[in-house]
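This report concerns only the one structure given below.
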Amino acid sequence: MSKVIKVNNTSSERNSASISGINEFVVKFANINGTGSASANNMFAKAVFRMGLPISPKNIFPSNIQGLPTWYEVRVSEKGYLARRDGIDIMVAMNPQSLAGDVASVLPGGYLLYDSTKTIDLRLVRNDITYIGLPLTDICRREYKDARQRQLFKNIIYVGALAALLDIDFTVLTGLVSDQFKGKEKLIAPNIHALELGYQYANKNFSCPLSIRIEKRDLVGDKILIDGNSASGLGAVYGGATVVGWYPITPSTSVIEAFEKYAKRLRIDPGTGAINYATVQAEDEIAAIGIVIGGAWNGARSFTATSGPGVSLMGEFLGLAYFAEIPVVLVDVQRAGPSTGMPTRTQQSDITAAAYSSHGDTKHVLLFPSTPKECFDMTADAFDLAERLQTPVMVMSDLDLGMNDHMSEPFEWDDDRAYDRGKVLSAEQLDELSANGKKFGRYLDVDNDGICYRTFPGAHPDKGSFFTRGSSRDPYAVYTEDGAEYVANMERLIRKFETAKEYVPKPEQKLAGKRASKRGVIYYGTSAAATEEAIDLLKEKGINLDGLRVRAFPFNKDVEDFIEKHDTVFVVEQNRDAQLRSMLINELEVSPKQLPKVLNYDGSPITAACICENILEQLTEKEAC
Amino acid sequence: MSKVIKVNNTSSERNSASISGINEFVVKFANINGTGSASANNMFAKAVFRMGLPISPKNIFPSNIQGLPTWYEVRVSEKGYLARRDGIDIMVAMNPQSLAGDVASVLPGGYLLYDSTKTIDLRLVRNDITYIGLPLTDICRREYKDARQRQLFKNIIYVGALAALLDIDFTVLTGLVSDQFKGKEKLIAPNIHALELGYQYANKNFSCPLSIRIEKRDLVGDKILIDGNSASGLGAVYGGATVVGWYPITPSTSVIEAFEKYAKRLRIDPGTGAINYATVQAEDEIAAIGIVIGGAWNGARSFTATSGPGVSLMGEFLGLAYFAEIPVVLVDVQRAGPSTGMPTRTQQSDITAAAYSSHGDTKHVLLFPSTPKECFDMTADAFDLAERLQTPVMVMSDLDLGMNDHMSEPFEWDDDRAYDRGKVLSAEQLDELSANGKKFGRYLDVDNDGICYRTFPGAHPDKGSFFTRGSSRDPYAVYTEDGAEYVANMERLIRKFETAKEYVPKPEQKLAGKRASKRGVIYYGTSAAATEEAIDLLKEKGINLDGLRVRAFPFNKDVEDFIEKHDTVFVVEQNRDAQLRSMLINELEVSPKQLPKVLNYDGSPITAACICENILEQLTEKEAC
Amino acid sequence: MTYQKPNFRHPLAPTNNLGLSRREYEGALSTLCAGCGHDSISNAIITACFENSIEPHKVAKLSGIGCSSKTPTYFLGNSHGFNTVHGRMPSVTTGANMANRDLTYIGVSGDGDSASIGLGQFAHVVRRNLNMLYIVENNGCYGLTKGQNSATTDLGSISKSGNANKFSPIDLCNLSMQLGATFVARSFSGDKDQLVPLIKAAMSHRGFAFIDVISPCVTFNNNPGSKKSYDFVREHQEATSNIDFVPMQQEITTQYDAGTTQEVTLHDGSVIHLHKPIDGFDIHNPRTAMRAMKDHQERDEILTGLLYVDTDPVDLHDVINTNSKPLNSLTKEELCPGNKTLQSINESLR
Amino acid sequence: MTYQKPNFRHPLAPTNNLGLSRREYEGALSTLCAGCGHDSISNAIITACFENSIEPHKVAKLSGIGCSSKTPTYFLGNSHGFNTVHGRMPSVTTGANMANRDLTYIGVSGDGDSASIGLGQFAHVVRRNLNMLYIVENNGCYGLTKGQNSATTDLGSISKSGNANKFSPIDLCNLSMQLGATFVARSFSGDKDQLVPLIKAAMSHRGFAFIDVISPCVTFNNNPGSKKSYDFVREHQEATSNIDFVPMQQEITTQYDAGTTQEVTLHDGSVIHLHKPIDGFDIHNPRTAMRAMKDHQERDEILTGLLYVDTDPVDLHDVINTNSKPLNSLTKEELCPGNKTLQSINESLR
Ligand SMILES: Cc1ncc(C[n+]2csc(CCOP(=O)(O)OP(=O)(O)O)c2C)c(N)n1
Ligand SMILES: Cc1ncc(C[n+]2csc(CCOP(=O)(O)OP(=O)(O)O)c2C)c(N)n1
Ligand code: SF4
Ligand code: SF4
Ligand SMILES: [Mg+2]
Ligand SMILES: [Mg+2]
């Protein structure tokens with residue numbers, strides 16, 4: 001280690017030993033947004049992934065376009081833990097603005113890479129971490145003339161250096177560069193050159209690799225690395241969405257961008273080159289959901305993607321869709337509320353707002369994806385569900401899931417799968433119906449499951465037309481203000497919601513031991529990875545928790561059974577008001593005392609440590625009582 | 001009774017005896033809307049009121065302007081029960097369109113008044129009720145030339161006839177006419193003439209009075225008769241509201257109309273004739289609440305009134321007001337949802353939509369008026385509360401309360417009462433603060449009650465300015481994406497909500513006996529009269545229920561205590577999903593099993609019979625188990 | 001409450017090219033006030049569709065909320081209808097049209113619905129040139145909520161309560177023209193001769209066709225001093241020209257006077273005949289129309305008739321190049337790229 | 001994150017009539033992209049307020065959401081500010097103005113904020129002639145959400161991703177004029193000489209003053225082919241006239257050439273001088289302005305400068321006849337009718 005460590009301008013000796021860790025650590029990059037660091041940092045993450053190691057990268061970015069601090073955190077975990085982990089082992093500190101905080105966040109024994117072209121501020125020198133100076137600006141000044149190039153390649157160079165320090169196979173990097181610049185081959189050589197500059201500088205000047213490093217493994221199998229929003233967009237293509245109304249809002253915009261990207265490639269009419277979908281960038285979220293309602297009413301699978309403020313604006317229309325029974329699909333990529341809140345931070349805090357959106361007695365179906373694979377599946381499935389149930393279905397993703405890459409099971413599609421269009425009467429069926437002397441009633445509960453038959457406009461010259469409205473109507477869709485008709489209809493909607501329980505995805509259970517434990521923990525969406533890690537950590541401490549990952553609302557029988565079987569069920573969520581917990585209590589008539597809350601809502605993805613600590617605290621308190 | 005009874009075109013004898021009842025009955029008027037029946041029917045109700053009897057009139061009208069059935073139901077109850085009561089004793093059947101149903105709704109032994117100019121359809125003749133034919137069209141044809149007059153006076157004539165049949169003092173009617181046409185004296189004589197036509201016809205042709213009739217009493221004391229919306233509008237004038245943003249929507253429009261009516265009279269600058277308020281009819285509800293937020297931010301007491309669809313549209317802005325801490329006042333006159341639902345029917349179904357309106361973790365303060373007096377008080381108080389708490393306060397009225405006349409305690413105002421403007425720093429206080437070396441922080445929790453100090457724009461040349469936003473900020477109102485700052489602020493908002501419990505009106509308790517019973521019932525708003533009547537009815541059956549009328553959300557300690565003290569607490573509501581109950585469970589961490597639901601949501605005001613039946617059923621079920 | 005009319009067709013009732021009688025174009029009995037202008041517009045729509053032999057089930061009727069927005073229940077009982085929420089019919093129609101470009105879309109709205117709460121949606125559906133007929137039944141007030149002024153209430157117009165309106169009105173024709181509408185007309189519910197051919201022409205127009213129909217509210221805005229009363233409109237109306245509509249493939253039988261008649265051929269081959277146009281009026285130039293409208297407005301006159309038409313419009317489907325086959329009819333095979341493609345996508349993500 | 005600037009005033013810094021230096025009109029450090037047009041507009045506002053000796057605390061700044069809407073943080077640090085929600089600044093400003101008519105209101109918005117989600121509110125605040133300065137910082141794209149086209153993106157303008165926009169733009173000047181705005185101007189963030197006097201004049205205007213400022217987004221819409229790039233605007237801009245502003249009570253010192261200069265005296269006595277106006281342009285006639293704008297637009301030119309001013313406007317307070325004393329300063333005694341009146345109301349309800 002002779003060549004590493006010493007910061008040129010300090011003589012203080014390091015007090016604590018360097019952390020050593022193979023394939024278990026967190027690297028954080030501190031950059032300025034708008035400087036092109038994102039793709040370099042991604043390259044680093046993907047390289048580790050290609051070394052066969054589970055990773056989970058997280059972007060931490062401001063609500064701003066250029067000039068403010070932005071971070072990229074990569075956890076490497078050969079144990080396969082994909083949640084965020086607090087504490088930084090290696091900090092790549094490229095932003096003078098945030099340097100003080102960045103230095104402070106490094107774990108004792110950790111490393112800090114910095115641009116040593118300028119000397120570091122003495123006050124920022126800790127003697128319990130190792131400083132690794134790379135003269136990045138110098139190298140770039142020497143190598144590049146163009147200012148933008150200097151800025152961009154600086155990032156590539158530190159990735160090269162990291163590769164040397166962490167023992168990443170250089171050919172993995174070159175492979176990545178070739179993949180990335182397919183079609184723009186001219187860019188391959190300069191990028192590889194920049195990587196080499198860093199790689200060689202590090203190898204020459206430091207004793208590589210560090211005590212923290214990568215060792216090749218074969219732990220990722222056929223897994224893929226993708227963000228949830230891209231997966232949702234792709235899922236919508238596979239799910240057969242054709243009409244899209246949307247309005248830009250972080251962090252949901254990339255759902256639509258992904259849909260369009262894939263659809264532009266995969267949804268072209270071979271004969272004419274015309275497109276087999278229609279995306280309308282609406283004037284606002286109200287119009288966006290209106291477009292979706294219109295499309296769905298008219299028989300096209302239709303969806304939108306938005307975030308909290310959009311969900312709030314869509315309230316009136318969602319109530320219409322509930323009451324008029326229109327199968328709309330909405331992907332809500334949640335961010336930290338209330339109001340504008342922290343628009344580039346994550347939270348699971350639109351849960352109740354979505355479930356009960358709109359005035360009057362309304363309830364909506366929600367799906368809770370935890371991985372990109374589930375974003376894909378649930379978005380595709382949402383169309384089947386919505387059409388089967390003739391009601392809005394919302395996929396409750398969040399910024400963490402949607403905008404960060406996640407290691408995920410690969411996508412799969414069963415080519416034999418038919419789209420479930422639900423109960424739609426064709427012209428032939430309408431004729432048959434009247435041949436049998438029956439009258440079509442749009443809101444007749446023929447099958448006693450609360451779901452009625454619909455028809456599409458234009459389906460038949462003189463049968464099956466009806467009037468859709470948000471006001472009360474009888475089974476034949478005729479306007480009525482009769483109280484009994486109204487109640488019958490409202491009760492049918494509850495019946496339908498009961499039916500929904502059989503259609504929505506079941507929860508996933510993880511028993512702590514062979515037999516059920518007395519204690520359980522319920523979690524959903526992006527709290528899954530951290531909670532599952534926490535279950536392991538608690539087990540090490542002798543506390544056995546059975547886990548249940550809830551995947552949908554309304555809650556089906558399995559959720560009820562799980563709660564019934566456990567004396568105490570912790571509910572882990574990333575919001576302040578324990579929103580899903582309140583739904584569990586209300587919809588399943590559970591005693592609140594049985595469901596202690598475990599909450600984290602500071603906008604950062606929840607960690608296993610936070611969950612453990614919280615649960616331990618509550619258990620000790622209980623014992624103390 | 002010789003002259004009454006026989007319908008000209010039937011010889012069937014009546015099977016059951018006429019109902020007899022003094023001062024305890026229900027009269028229902030069946031009319032066509034747009035025919036001017038409303039003021040005649042009102043005159044009838046008010047006459048009974050002036051006879052010293054408690055009454056409760058209910059309009060049942062379509063979402064339509066002209067030509068459809070409309071009803072007016074008046075319950076007379078010397079016992080003082082003001083809830084709606086099912087079953088009609090006397091039907092004034094003036095609408096051929098609805099005649100069949102109207103005939104059917106009369107209680108056996110009851111009466112039906114009809115226009116005997118045309119013979120009645122034989123199929124509509126029941127032999128268990130008494131038909132009283134008034135040749136109204138004939139009389140009008142004889143007396144009036146003008147078609148509109150014929151239509152209008154027909155209504156007055158049947159009121160005159162009713163007076164004779166029910167033994168209403170004719171001078172009470174003439175008094176009412178004089179009061180009503182003050183300023184339009186020309187109209188007095190013709191109206192009295194029309195009343196006389198009916199009065200005399202009845203006296204001449206039937207043996208008046210009927211077995212059902214009025215006897216003068218002195219049971220209304222100094223009570224007044226007014227609709228809740230007028231009371232709210234007046235309350236806003238007294239509460240010092242100056243900025244109003246609104247958009248028309250039934251059944252809330254008349255809140256604003258009343259505000260304007262009273263303000264036009266009572267809020268004129270004596271010197272200039274200029275107005276001391278500003279009402280802006282906005283382009284929609286979003287703009288309406290935006291105007292209110294702007295006004296409130298700038299130091300004017302500001303409010304809006306709306307109904308369900310408006311509340312849904314206001315969601316995004318309400319979240320802003322919560323998070324940016326703007327004291328807005330909103331009167332929600334609830335109607336039957338979801339969506340457009342039944343816009344002219346009543347419900348208490350915006351409770352959760354209002355309490356948790358907007359995405360993210362939000363909670364709002366709600367008030368639940370039960371009477372016009374409370375509409376007045378709570379609307380006025382809402383401004384104090386909103387400014388004290390710096391958060392939206394919603395007055396949760398409904399169509400029944402808002403658009404029907406109710407007998408109510410008279411209004412009162414303590415002239416010594418000052419407006420509580422809450423924590424606002426004046427220029428002097430700002431100077432003092434900095435003289436003491438302190439820095440103003442808009443979101444500093446100086447008093448540790450979660451409520452911070454605000455300043456109004458323009459207050460001080462160089463101190464106290466700050467930036468208001470819906471995004472996260474530090475205690476000095478500076479934008480921040482720091483997780484710890486965000487959480488500290490969100491926790492403070494919870495602290496503020498805790499503080500709110502001390503400021504909101506306490507519940508009203510009605511103990512069944514001297515000691516607390518084991519069972520209780522919680523109710524609010526327009527469910528109060530029926531529930532209190534039901535408590536009496538149940539007591540007669542030996543079932544003692546303690547009553548608690550909840551008047552605000554967040555629930556204060558008394559609500560918690562009440563629930564704690566009772567094994568079973570029924571919760572009575574006029575919605576499908578037991579909305580307030582779910583809030584009680586969640587916010588007070590009560591076991592759902594302890595709170596059985598009692599629901600009625602068909603759009604008609606809930607009745608005591610319905611509540612009794614429901615509770616009895618649940619009690620029997622329990623005992624059966 | 002809606003009363004279904006008896007389903008009886010008089011055997012001698014005249015039929016159109018499809019063999020349908022006028023009755024088959026009717027809807028439920030209206031529940032509007034007797035004399036309401038909106039009912040006349042429903043009638044004009046019925047006549048236009050009947051005479052033009054439109055297949056009723058190929059029409060979709062959409063509306064917002066208001067007395068005007070109730071009317072789709074009262075015409076074309078064999079068409080699907082959608083009474084959406086207040087002010088948001090444009091977006092729902094946009095989605096519907098995207099889903100199935102083969103239907104004819106009739107959107108009905110009120111002045112409150114379109115010029116107040118719905119102004120944003122109105123402006124943007126115009127901008128997108130959605131292929132639809134958009135009718136505003138303009139009574140200068142909020143009928144259903146009992147007569148408040150709307151954003152189209154004319155300056156100085158006296159309300160029923162006797163107050164003069166102090167805000168200048170939004171002229172939806174002018175606005176839509178400025179925003180690029182490709183067919184703009186104004187008419188009067190009391191002028192069936194003008195309204196029926198306008199509706200026919202608008203339904204043949206392949207793009208956004210807007211008709212602002214002044215439609216008096218007899219209950220709340222038909223009083224003296226109102227500028228949307230029957231009397232006022234009758235006295236102050238001037239037409240750009242008289243109008244006749246000849247649907248595509250129908251022979252022109254009437255003789256027209258060449259000098260005073262202009263022929264406008266629409267995209268689908270149907271022809272509009274404009275007789276006796278007012279001086280200097282160019283139906284193809286939005287600027288002259290806007291000028292003429294302003295001129296009339298300054299004289300307190302109402303210019304009605306066809307104001308502007310672009311005979312070669314580019315509708316939203318053209319702009320985004322959608323498949324000519326309706327999107328709602330595409331099969332799974334056409335929509336779903338299949339597992340093989342998905343596996344190659346997986347491959348690119350490793 | 002906002003960096004508060006060091007609160008240091010250079011002792012020699014020039015001061016205005018109030019004895020304040022320019023620094024006292026600044027705000028927090030901008031966090032926008034280097035070169036963003038919006039920052040120049042903030043600077044122009046600072047200069048205008050400083051030079052016009054506006055008391056900072058008598059100004060209220062309001063905005064919606066977007067890069068543009070962030071800017072009120074970056075000017076007038078001693079004024080109260082309110083960053084509302086997306087597209088809804090107009091209504092909040094309306095309420096604020098109703099509450100206190102004595103402040104000066106500056107509303108800042110973006111083209112996404114005003115022409116898309118906020119179009120309805122924009123149109124209606126114009127119609128009400130609210131006394132405020134409304135600035136749209138128009139970059140023809142959604143900056144903060146990374147560059148999507150907006151409703152003001154010009155037809156055929158090429159986006160950063162290389163696609164030509166196919167929807168015709170909404171011209172907010174034209175629209176506001178049609179809706180009755182009483183002060184309308186267009187400018188360019190790069191043209192300080194024009195923008196500063198326009199802002200001064202707009203702030204003196206007692207009614208709705210609208211300035212559409214083309215303000216290039218260097219990050220997402222400054223590429224070749226964009227019609228809102230610095231280069232394009234510089235090359236295609238033509239001014240209606242050059243403009244000077246002389247505040248009320250300040251002596252006019254410059255000599256103006258009578259033939260080519262027009263004087264416009266505003267309600268408060270301040271004077272706008274217009275030099276070398278383009279041919280036939282009448283600043284008091286909205287129709288000539290609209291015509292000139294259309295003419296220029298057809299030639300792909302951008303007409304900037306003061307387009308229209310009504311020197312005797314009737315603002316919303318005038319229309320509804322509000323007390324001249326701000327409503328937020330009325331005391332309980334002025335607001336509450338008291339118990340005696342209430343008892344007589346009770347009496348009337350028995
Ligand atoms: C969101 C919402 N706000 C308000 C209303 C109440 N409302 C119903 S109709 C209407 C106005 C209708 O006016 P207009 O569109 O002109 O139709 P008209 O009745 O005059 O034909 C209003 C405000 C509503 N239904 N929904
Ligand atoms: C209700 C809502 N929808 C969407 C967004 C996301 N959003 C933030 S800024 C913006 C557009 C801003 O564009 P513009 O007003 O032109 O401002 P610019 O950034 O270009 O200056 C959008 C859509 C939001 N904040 N709120
Ligand atoms: S209120 Fe007016 S608009 Fe409504 S139906 Fe009656 S006349 Fe027509
Ligand atoms: S993204 Fe564009 S509008 Fe936003 S700050 Fe950067 S240059 Fe300005
Ligand atoms: Mg109208
Ligand atoms: Mg913009």
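Identifiers for the structure tokens are assigned positionally: chains receive A, B, ... in sequence, residues are indexed from 1 per chain, and ligands are indexed from 1 in the order shown.
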Distance filter 7 Å around ligand 2, atoms: only C-alpha atoms and all ligand atoms, out as a PyMOL selection string:
(chain A and resi 247-250+284-285+309-310+313+340) or (chain D and resi 65-69+85-86+109-114+137-145+150)
Would you export the selected residues with N, CA and C atoms as a compact mmCIF listing (two decimals), in the first residue's frame, please?
```txt
# COMPACT_ATOMS: atom_id res chain seq x y z
N TYR A 247 -48.58 13.71 -19.35
CA TYR A 247 -48.03 15.05 -19.15
C TYR A 247 -46.73 14.87 -18.38
N PRO A 248 -45.68 15.58 -18.80
CA PRO A 248 -44.38 15.33 -18.18
C PRO A 248 -44.37 15.62 -16.67
N ILE A 249 -43.85 14.74 -15.91
CA ILE A 249 -43.57 15.01 -14.50
C ILE A 249 -42.56 13.99 -13.99
N THR A 250 -41.54 14.52 -13.36
CA THR A 250 -40.55 13.67 -12.72
C THR A 250 -41.22 12.98 -11.55
N ASP A 284 -52.25 18.88 -19.69
CA ASP A 284 -52.04 18.70 -18.25
C ASP A 284 -52.50 17.30 -17.87
N GLU A 285 -52.43 16.99 -16.59
CA GLU A 285 -52.76 15.64 -16.15
C GLU A 285 -54.25 15.37 -16.26
N PRO A 309 -48.57 14.90 -7.75
CA PRO A 309 -49.41 16.03 -8.13
C PRO A 309 -50.38 15.67 -9.25
N GLY A 310 -49.93 14.83 -10.16
CA GLY A 310 -50.81 14.39 -11.23
C GLY A 310 -51.97 13.56 -10.69
N LEU A 313 -54.53 15.79 -9.30
CA LEU A 313 -55.32 16.45 -10.33
C LEU A 313 -56.29 15.51 -11.02
N THR A 340 -45.37 19.87 -3.81
CA THR A 340 -44.20 19.63 -4.65
C THR A 340 -43.16 18.83 -3.89
N ILE D 65 -44.61 26.48 -11.57
CA ILE D 65 -43.54 25.51 -11.42
C ILE D 65 -42.81 25.39 -12.75
N GLY D 66 -41.49 25.33 -12.68
CA GLY D 66 -40.65 25.24 -13.87
C GLY D 66 -39.35 25.98 -13.58
N CYS D 67 -38.40 25.89 -14.51
CA CYS D 67 -37.16 26.65 -14.31
C CYS D 67 -37.50 28.14 -14.19
N SER D 68 -38.35 28.61 -15.09
CA SER D 68 -38.78 30.00 -15.08
C SER D 68 -39.42 30.36 -13.74
N SER D 69 -40.24 29.46 -13.25
CA SER D 69 -40.97 29.75 -12.02
C SER D 69 -40.07 29.71 -10.79
N VAL D 85 -48.26 26.19 -7.48
CA VAL D 85 -48.20 24.91 -8.17
C VAL D 85 -48.25 25.14 -9.67
N HIS D 86 -48.05 24.10 -10.42
CA HIS D 86 -47.86 24.21 -11.87
C HIS D 86 -49.09 24.79 -12.57
N SER D 109 -43.91 33.12 -15.06
CA SER D 109 -44.38 31.81 -15.49
C SER D 109 -43.56 31.35 -16.68
N GLY D 110 -43.77 30.10 -17.06
CA GLY D 110 -43.11 29.56 -18.25
C GLY D 110 -44.14 29.27 -19.31
N ASP D 111 -43.67 28.88 -20.47
CA ASP D 111 -44.61 28.60 -21.55
C ASP D 111 -45.38 27.31 -21.27
N GLY D 112 -44.72 26.36 -20.61
CA GLY D 112 -45.47 25.16 -20.21
C GLY D 112 -46.49 25.54 -19.15
N ASP D 113 -46.04 26.31 -18.22
CA ASP D 113 -46.87 26.73 -17.10
C ASP D 113 -48.09 27.55 -17.56
N SER D 114 -47.92 28.40 -18.53
CA SER D 114 -49.01 29.30 -18.94
C SER D 114 -49.79 28.82 -20.17
N GLU D 137 -41.68 33.50 -19.36
CA GLU D 137 -40.31 33.29 -19.83
C GLU D 137 -40.36 32.13 -20.81
N ASN D 138 -40.49 32.50 -22.05
CA ASN D 138 -40.90 31.58 -23.10
C ASN D 138 -39.71 30.97 -23.83
N ASN D 139 -39.42 29.72 -23.50
CA ASN D 139 -38.31 29.04 -24.20
C ASN D 139 -38.82 27.96 -25.15
N GLY D 140 -40.11 27.91 -25.34
CA GLY D 140 -40.65 26.94 -26.31
C GLY D 140 -40.41 25.51 -25.91
N CYS D 141 -40.20 25.27 -24.65
CA CYS D 141 -40.03 23.89 -24.20
C CYS D 141 -40.24 23.80 -22.71
N TYR D 142 -40.31 22.58 -22.23
CA TYR D 142 -40.40 22.32 -20.81
C TYR D 142 -38.98 22.13 -20.29
N GLY D 143 -38.40 23.19 -19.75
CA GLY D 143 -37.02 23.08 -19.29
C GLY D 143 -36.87 22.07 -18.16
N LEU D 144 -37.59 22.31 -17.10
CA LEU D 144 -37.34 21.54 -15.88
C LEU D 144 -37.61 20.04 -16.03
N THR D 145 -38.50 19.68 -16.96
CA THR D 145 -38.72 18.25 -17.16
C THR D 145 -37.94 17.73 -18.36
N SER D 150 -43.44 22.41 -25.96
CA SER D 150 -44.57 23.03 -25.26
C SER D 150 -45.57 23.53 -26.29
```
Spatial neighbours of C:Phe208, 9 Å, only C-alpha atoms, chain gap at least 2 places, as a PyMOL selection string
chain C and resi 125-134+181-184+202+205-206+210+313+315
Would you save the residues of that selection, restricted to N, CA, C and O atoms, as a compact mmCIF listing (two decimals), in the first residue's frame?
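Result file selection-v5.txt:
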```txt
# COMPACT_ATOMS: atom_id res chain seq x y z
N VAL C 125 -57.67 21.02 -27.83
CA VAL C 125 -58.25 20.10 -28.81
C VAL C 125 -58.32 20.80 -30.16
O VAL C 125 -58.14 20.18 -31.22
N VAL C 126 -58.52 22.11 -30.14
CA VAL C 126 -58.47 22.87 -31.38
C VAL C 126 -57.07 22.75 -31.99
O VAL C 126 -56.90 22.42 -33.15
N ARG C 127 -56.09 23.01 -31.15
CA ARG C 127 -54.70 23.00 -31.60
C ARG C 127 -54.31 21.67 -32.23
O ARG C 127 -53.50 21.61 -33.14
N ARG C 128 -54.88 20.60 -31.70
CA ARG C 128 -54.52 19.27 -32.22
C ARG C 128 -55.32 18.90 -33.45
O ARG C 128 -55.10 17.86 -34.04
N ASN C 129 -56.26 19.77 -33.81
CA ASN C 129 -57.12 19.50 -34.96
C ASN C 129 -57.70 18.10 -34.93
O ASN C 129 -57.62 17.34 -35.88
N LEU C 130 -58.30 17.78 -33.81
CA LEU C 130 -58.97 16.49 -33.68
C LEU C 130 -60.14 16.44 -34.64
O LEU C 130 -60.90 17.40 -34.75
N ASN C 131 -60.29 15.33 -35.30
CA ASN C 131 -61.39 15.17 -36.24
C ASN C 131 -62.70 14.96 -35.49
O ASN C 131 -63.02 13.85 -35.06
N MET C 132 -63.43 16.03 -35.32
CA MET C 132 -64.70 15.95 -34.59
C MET C 132 -65.55 17.17 -34.88
O MET C 132 -65.04 18.18 -35.37
N LEU C 133 -66.82 17.05 -34.59
CA LEU C 133 -67.70 18.21 -34.59
C LEU C 133 -67.87 18.66 -33.14
O LEU C 133 -68.28 17.85 -32.30
N TYR C 134 -67.53 19.87 -32.87
CA TYR C 134 -67.60 20.40 -31.51
C TYR C 134 -68.66 21.50 -31.50
O TYR C 134 -68.50 22.53 -32.16
N ALA C 181 -58.22 26.35 -35.72
CA ALA C 181 -59.34 25.47 -36.08
C ALA C 181 -59.50 25.49 -37.59
O ALA C 181 -59.27 26.50 -38.25
N THR C 182 -59.95 24.36 -38.15
CA THR C 182 -60.01 24.26 -39.61
C THR C 182 -61.42 24.39 -40.16
O THR C 182 -61.63 24.35 -41.36
N PHE C 183 -62.38 24.52 -39.27
CA PHE C 183 -63.77 24.73 -39.71
C PHE C 183 -64.44 25.47 -38.57
O PHE C 183 -64.53 24.95 -37.46
N VAL C 184 -64.89 26.69 -38.84
CA VAL C 184 -65.45 27.49 -37.77
C VAL C 184 -66.76 28.12 -38.24
O VAL C 184 -66.81 28.71 -39.32
N ALA C 202 -70.06 20.26 -41.20
CA ALA C 202 -69.07 20.04 -40.14
C ALA C 202 -68.79 18.55 -39.97
O ALA C 202 -67.65 18.14 -39.75
N HIS C 205 -66.43 17.41 -42.54
CA HIS C 205 -65.09 17.99 -42.46
C HIS C 205 -64.17 17.01 -41.74
O HIS C 205 -64.52 16.48 -40.70
N ARG C 206 -63.01 16.80 -42.29
CA ARG C 206 -62.09 15.83 -41.70
C ARG C 206 -61.04 16.56 -40.85
O ARG C 206 -59.88 16.67 -41.22
N PHE C 210 -65.82 23.46 -35.58
CA PHE C 210 -66.41 24.10 -34.41
C PHE C 210 -67.65 24.90 -34.80
O PHE C 210 -67.61 25.68 -35.75
N PRO C 313 -57.50 19.81 -44.43
CA PRO C 313 -56.92 19.86 -43.09
C PRO C 313 -56.08 18.63 -42.78
O PRO C 313 -56.26 17.58 -43.38
N ASP C 315 -55.44 16.28 -39.78
CA ASP C 315 -55.94 16.00 -38.43
C ASP C 315 -54.90 15.30 -37.59
O ASP C 315 -53.80 14.98 -38.06
```
Find the residues near C:Asn174: any atom within 10 Å, counting only C-alpha atoms, skip ones fewer than 5 places away on the same chain, and give them as a ChimeraX atom specification.
/C:179,181,184-185,286-287,289-291,293-294,307 /D:175,178
